[in-house]
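See below for the structure under consideration.
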Amino acid sequence: MQRQQTPSQGAAMQSHNVNEGRRRCVAVLRLSPMLALIIQLVGCASTGLPSARERRAMSVGDKAIVLLKVECTIENQQPYEPFSSSMVADNISFGLGSFETGGEPKQSETLRFLSPESRHTGWTYFVLPQGTYYLAVYPPRRTDLSTYQRSLENAPRWRIDVPENAKLVYAGTLHLTGDSDRLLFEGRIMRSIWGDQATVTNDHELARRLFAEYLPEMGEVQVALMQRHEGGPIILRSPLPAPTK
Amino acid sequence: MRIRMFIPVLLCALMPLNGCLLLPIPTTEGKVLAGKPVTQEQLAFLAPNIRTKEEVKERLGSPDVIWEEAHLFAYNWVVRRGVLIWAIGGGYSAAAGLKNIPKRYVLLIQFDEQARLRRFEKVVQPEFKSYGALLKEWVSTSEKALPQGSNPGKE
């Protein structure tokens, strides 16, 4: 038997629904700053291992993990942590040039780390298809975006070769030094990098141990130390396209 | 009296009004913004099937880009094709400036397996096409339309 609803009951239900909707809106509004902050932080850096999709691409030799370590010092040989905040504009920023950009480095959107511990010790990685890349290293952003992006043009660069069928590549340990400014409350921030004093060394054993700990199933690491690029032609490598009909 | 009361209200109402001006002005392509333009004389030197990789390097200098798999050299330069006058204002502040509008040229030269010049072309990189896409498109059309050594090259 169907129950009849009186007009007063209908009005009460309608009023209840309106109040419920309002409460939900207020709850969402209250949460939105927190959500925005979480999205911002998550979108800035990816502290973690490659995704399942990337692992599949690696297993068939389409892509490789390119691991590198950065060690920084500022005036008077003070140590300077390169990836202290895990943000896009961290203590050190990277630009990466590829075949698509004609080798011209473009600002890297995300920094990736195998673990928080490896981040603090200066390890970062890229997931890249085989080819030749140009890595530009420059100080953190302290100006407007277009000026900052222009500073990429004069940033010191290194050439990274990702060999065919490689899964794990260690590209070297980059030692950087430069000038810094004092921050308002505490610490210092890098102002410029002395490109002519930058060096690359081989910490192959440390890289091997790191890969064995986090990606043991991917096999042996290949060492392809990055080379300083100071003028001269940009070498690009990419398979030839199929002829168009 | 009413007018006096109205002025602050009017000022407040004007506050959120923002203005933006973008005025592109075309110019001649005289000013070089980056790279070294390839001259007509240098282009005339490029003869398919005759010139070799080494001769091209000697005459035009070292290329900006080498795509190894395609035996391709690329020489890049950027000229100014116009200026963009911009101004933006809102509230009590305003800013204005002048920005160059670039035109990116690429001279593409492809060699054969014996390092003899096969084909060349001076192209303009479209604004929304990546450098890699431009190279791949040019090489794939080259493979399709031009049997080895048959292309006299074009500017």
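Going through the structure tokens in order, the chains are called A, B, and so on, while each chain numbers its residues from 1 and the ligands are numbered from 1 in the order shown.
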If you take only C-alpha atoms and a cut-off of 9 Å, which residues of chain B touch chain A, and what are their nearest atom pairs and distances in Å to one decimal, in chain and number order, as CSV?
residue,atom,partner,partner_atom,distance
B:Ser62,CA,A:Pro233,CA,6.7
B:Pro63,CA,A:Pro233,CA,5.7
B:Asp64,CA,A:Pro233,CA,4.6
B:Val65,CA,A:Ile234,CA,4.6
B:Ile66,CA,A:Ile235,CA,4.9
B:Trp67,CA,A:Leu236,CA,4.8
B:Glu68,CA,A:Arg237,CA,6.0
B:Glu69,CA,A:Arg237,CA,6.5
B:Ala70,CA,A:Leu240,CA,6.5
B:Ser130,CA,A:Glu100,CA,5.9
B:Tyr131,CA,A:Gly102,CA,5.4
B:Gly132,CA,A:Glu100,CA,3.9
B:Ala133,CA,A:Glu100,CA,6.7
B:Leu134,CA,A:Glu100,CA,8.9
B:Lys136,CA,A:Pro241,CA,6.1
B:Glu137,CA,A:Pro241,CA,8.0
B:Val139,CA,A:Pro241,CA,7.6
B:Ser140,CA,A:Pro243,CA,4.6
B:Thr141,CA,A:Thr244,CA,6.2
B:Ser142,CA,A:Pro243,CA,8.0
B:Glu143,CA,A:Pro243,CA,5.5
B:Lys144,CA,A:Pro243,CA,5.5
B:Ala145,CA,A:Thr244,CA,9.0
The selected residues should be written to file as a PDB file, in the first residue's frame (atoms: N, CA and C atoms).
ATOM      1  N   SER B  62      80.379  24.110 -39.062  1.00  0.00           N
ATOM      2  CA  SER B  62      79.849  22.945 -38.358  1.00  0.00           C
ATOM      3  C   SER B  62      78.332  23.099 -38.201  1.00  0.00           C
ATOM      4  N   PRO B  63      77.561  22.038 -38.439  1.00  0.00           N
ATOM      5  CA  PRO B  63      76.093  22.183 -38.310  1.00  0.00           C
ATOM      6  C   PRO B  63      75.679  22.375 -36.855  1.00  0.00           C
ATOM      7  N   ASP B  64      74.487  22.900 -36.656  1.00  0.00           N
ATOM      8  CA  ASP B  64      73.975  23.043 -35.290  1.00  0.00           C
ATOM      9  C   ASP B  64      73.486  21.710 -34.757  1.00  0.00           C
ATOM     10  N   VAL B  65      72.907  20.927 -35.653  1.00  0.00           N
ATOM     11  CA  VAL B  65      72.327  19.645 -35.241  1.00  0.00           C
ATOM     12  C   VAL B  65      72.713  18.566 -36.242  1.00  0.00           C
ATOM     13  N   ILE B  66      73.043  17.395 -35.728  1.00  0.00           N
ATOM     14  CA  ILE B  66      73.300  16.237 -36.593  1.00  0.00           C
ATOM     15  C   ILE B  66      72.382  15.117 -36.152  1.00  0.00           C
ATOM     16  N   TRP B  67      71.576  14.640 -37.084  1.00  0.00           N
ATOM     17  CA  TRP B  67      70.742  13.458 -36.800  1.00  0.00           C
ATOM     18  C   TRP B  67      71.442  12.284 -37.460  1.00  0.00           C
ATOM     19  N   GLU B  68      72.038  11.461 -36.635  1.00  0.00           N
ATOM     20  CA  GLU B  68      72.946  10.433 -37.147  1.00  0.00           C
ATOM     21  C   GLU B  68      72.248   9.408 -38.027  1.00  0.00           C
ATOM     22  N   GLU B  69      71.124   8.877 -37.576  1.00  0.00           N
ATOM     23  CA  GLU B  69      70.453   7.805 -38.333  1.00  0.00           C
ATOM     24  C   GLU B  69      70.011   8.276 -39.721  1.00  0.00           C
ATOM     25  N   ALA B  70      69.689   9.563 -39.844  1.00  0.00           N
ATOM     26  CA  ALA B  70      69.173  10.080 -41.121  1.00  0.00           C
ATOM     27  C   ALA B  70      70.273  10.723 -41.970  1.00  0.00           C
ATOM     28  N   SER B 130      57.052  20.736 -33.213  1.00  0.00           N
ATOM     29  CA  SER B 130      58.332  20.555 -32.527  1.00  0.00           C
ATOM     30  C   SER B 130      59.437  20.368 -33.561  1.00  0.00           C
ATOM     31  N   TYR B 131      60.655  20.591 -33.107  1.00  0.00           N
ATOM     32  CA  TYR B 131      61.816  20.450 -33.993  1.00  0.00           C
ATOM     33  C   TYR B 131      61.922  18.997 -34.492  1.00  0.00           C
ATOM     34  N   GLY B 132      61.693  18.070 -33.558  1.00  0.00           N
ATOM     35  CA  GLY B 132      61.774  16.652 -33.915  1.00  0.00           C
ATOM     36  C   GLY B 132      60.734  16.282 -34.967  1.00  0.00           C
ATOM     37  N   ALA B 133      59.522  16.795 -34.798  1.00  0.00           N
ATOM     38  CA  ALA B 133      58.448  16.494 -35.755  1.00  0.00           C
ATOM     39  C   ALA B 133      58.794  17.062 -37.136  1.00  0.00           C
ATOM     40  N   LEU B 134      59.400  18.244 -37.146  1.00  0.00           N
ATOM     41  CA  LEU B 134      59.794  18.865 -38.415  1.00  0.00           C
ATOM     42  C   LEU B 134      60.829  17.990 -39.138  1.00  0.00           C
ATOM     43  N   LYS B 136      61.450  14.763 -38.716  1.00  0.00           N
ATOM     44  CA  LYS B 136      60.877  13.468 -39.124  1.00  0.00           C
ATOM     45  C   LYS B 136      59.991  13.627 -40.353  1.00  0.00           C
ATOM     46  N   GLU B 137      59.211  14.697 -40.360  1.00  0.00           N
ATOM     47  CA  GLU B 137      58.318  14.928 -41.511  1.00  0.00           C
ATOM     48  C   GLU B 137      59.142  15.158 -42.784  1.00  0.00           C
ATOM     49  N   VAL B 139      62.219  14.220 -43.440  1.00  0.00           N
ATOM     50  CA  VAL B 139      62.924  13.003 -43.865  1.00  0.00           C
ATOM     51  C   VAL B 139      61.958  12.005 -44.474  1.00  0.00           C
ATOM     52  N   SER B 140      60.766  11.876 -43.900  1.00  0.00           N
ATOM     53  CA  SER B 140      59.826  10.897 -44.455  1.00  0.00           C
ATOM     54  C   SER B 140      59.310  11.330 -45.827  1.00  0.00           C
ATOM     55  N   THR B 141      59.140  12.616 -46.056  1.00  0.00           N
ATOM     56  CA  THR B 141      58.723  13.059 -47.398  1.00  0.00           C
ATOM     57  C   THR B 141      59.880  12.863 -48.379  1.00  0.00           C
ATOM     58  N   SER B 142      61.070  13.006 -47.884  1.00  0.00           N
ATOM     59  CA  SER B 142      62.250  12.798 -48.724  1.00  0.00           C
ATOM     60  C   SER B 142      62.311  11.350 -49.180  1.00  0.00           C
ATOM     61  N   GLU B 143      62.029  10.429 -48.245  1.00  0.00           N
ATOM     62  CA  GLU B 143      62.068   9.002 -48.576  1.00  0.00           C
ATOM     63  C   GLU B 143      61.001   8.661 -49.612  1.00  0.00           C
ATOM     64  N   LYS B 144      59.843   9.341 -49.491  1.00  0.00           N
ATOM     65  CA  LYS B 144      58.723   9.045 -50.386  1.00  0.00           C
ATOM     66  C   LYS B 144      58.959   9.606 -51.789  1.00  0.00           C
ATOM     67  N   ALA B 145      59.229  10.913 -51.842  1.00  0.00           N
ATOM     68  CA  ALA B 145      59.132  11.608 -53.128  1.00  0.00           C
ATOM     69  C   ALA B 145      60.425  11.641 -53.929  1.00  0.00           C
TER      70      ALA B 145
END
Nearby residues (only C-alpha atoms) at most 7 Å from stretch 57-73 of chain A, same-chain spacing under 2 positions excluded, as JSON, numbers by chain: {"A": [53, 54, 55, 75, 77, 78, 79, 80, 81, 82, 122, 123, 124, 125, 126, 127, 128, 129, 130, 165, 166, 167, 168, 169, 170, 171, 172, 173, 174, 175, 176, 177, 178]}
Those of chain B in DSSP alpha helix (DSSP H), formatted as a ChimeraX atom specification: /B:2-14,40-45,53-60,131-145
List the neighbours of stretch 136-146 of chain A out to 6 Å using only C-alpha atoms; skip same-chain residues closer than 3 positions along the sequence, and give me the result as an mmCIF file with C-alpha atoms, in the first residue's frame.
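As written to disk, around12.cif reads:
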data_model
loop_
_atom_site.group_PDB
_atom_site.id
_atom_site.type_symbol
_atom_site.label_atom_id
_atom_site.label_comp_id
_atom_site.auth_asym_id
_atom_site.auth_seq_id
_atom_site.Cartn_x
_atom_site.Cartn_y
_atom_site.Cartn_z
ATOM 1 C CA ALA A 89 62.091 24.651 -8.264
ATOM 2 C CA ASP A 90 64.190 22.797 -5.721
ATOM 3 C CA ASN A 91 67.697 23.814 -4.698
ATOM 4 C CA ILE A 92 68.803 22.689 -8.150
ATOM 5 C CA SER A 93 66.702 22.654 -11.317
ATOM 6 C CA PHE A 94 67.101 20.631 -14.487
ATOM 7 C CA GLY A 95 66.321 21.260 -18.112
ATOM 8 C CA GLN A 149 63.400 30.110 -18.520
ATOM 9 C CA ALA A 155 73.149 26.948 -18.147
ATOM 10 C CA PRO A 156 75.985 24.397 -18.267
ATOM 11 C CA ARG A 157 74.991 21.277 -20.195
ATOM 12 C CA MET A 190 72.225 28.928 -4.715
ATOM 13 C CA ARG A 191 72.470 31.983 -6.962
ATOM 14 C CA SER A 192 74.732 30.708 -9.740
#
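Of the listed residues B:Leu33, B:Ile50, B:Ile88, B:Leu98, the one whose atoms come nearest to B:Gln114 is B:Ile50, with distances taken using only C-alpha atoms.
With atom CA of A:Tyr133 on one side and atom CA of A:Glu117 on the other, the separation reads 26.6 Å.
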Gap from atom CA of B:Val106 to atom CA of B:Val78 - Å, one decimal: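 Rounded to one decimal, the two atoms are 8.7 Å apart.
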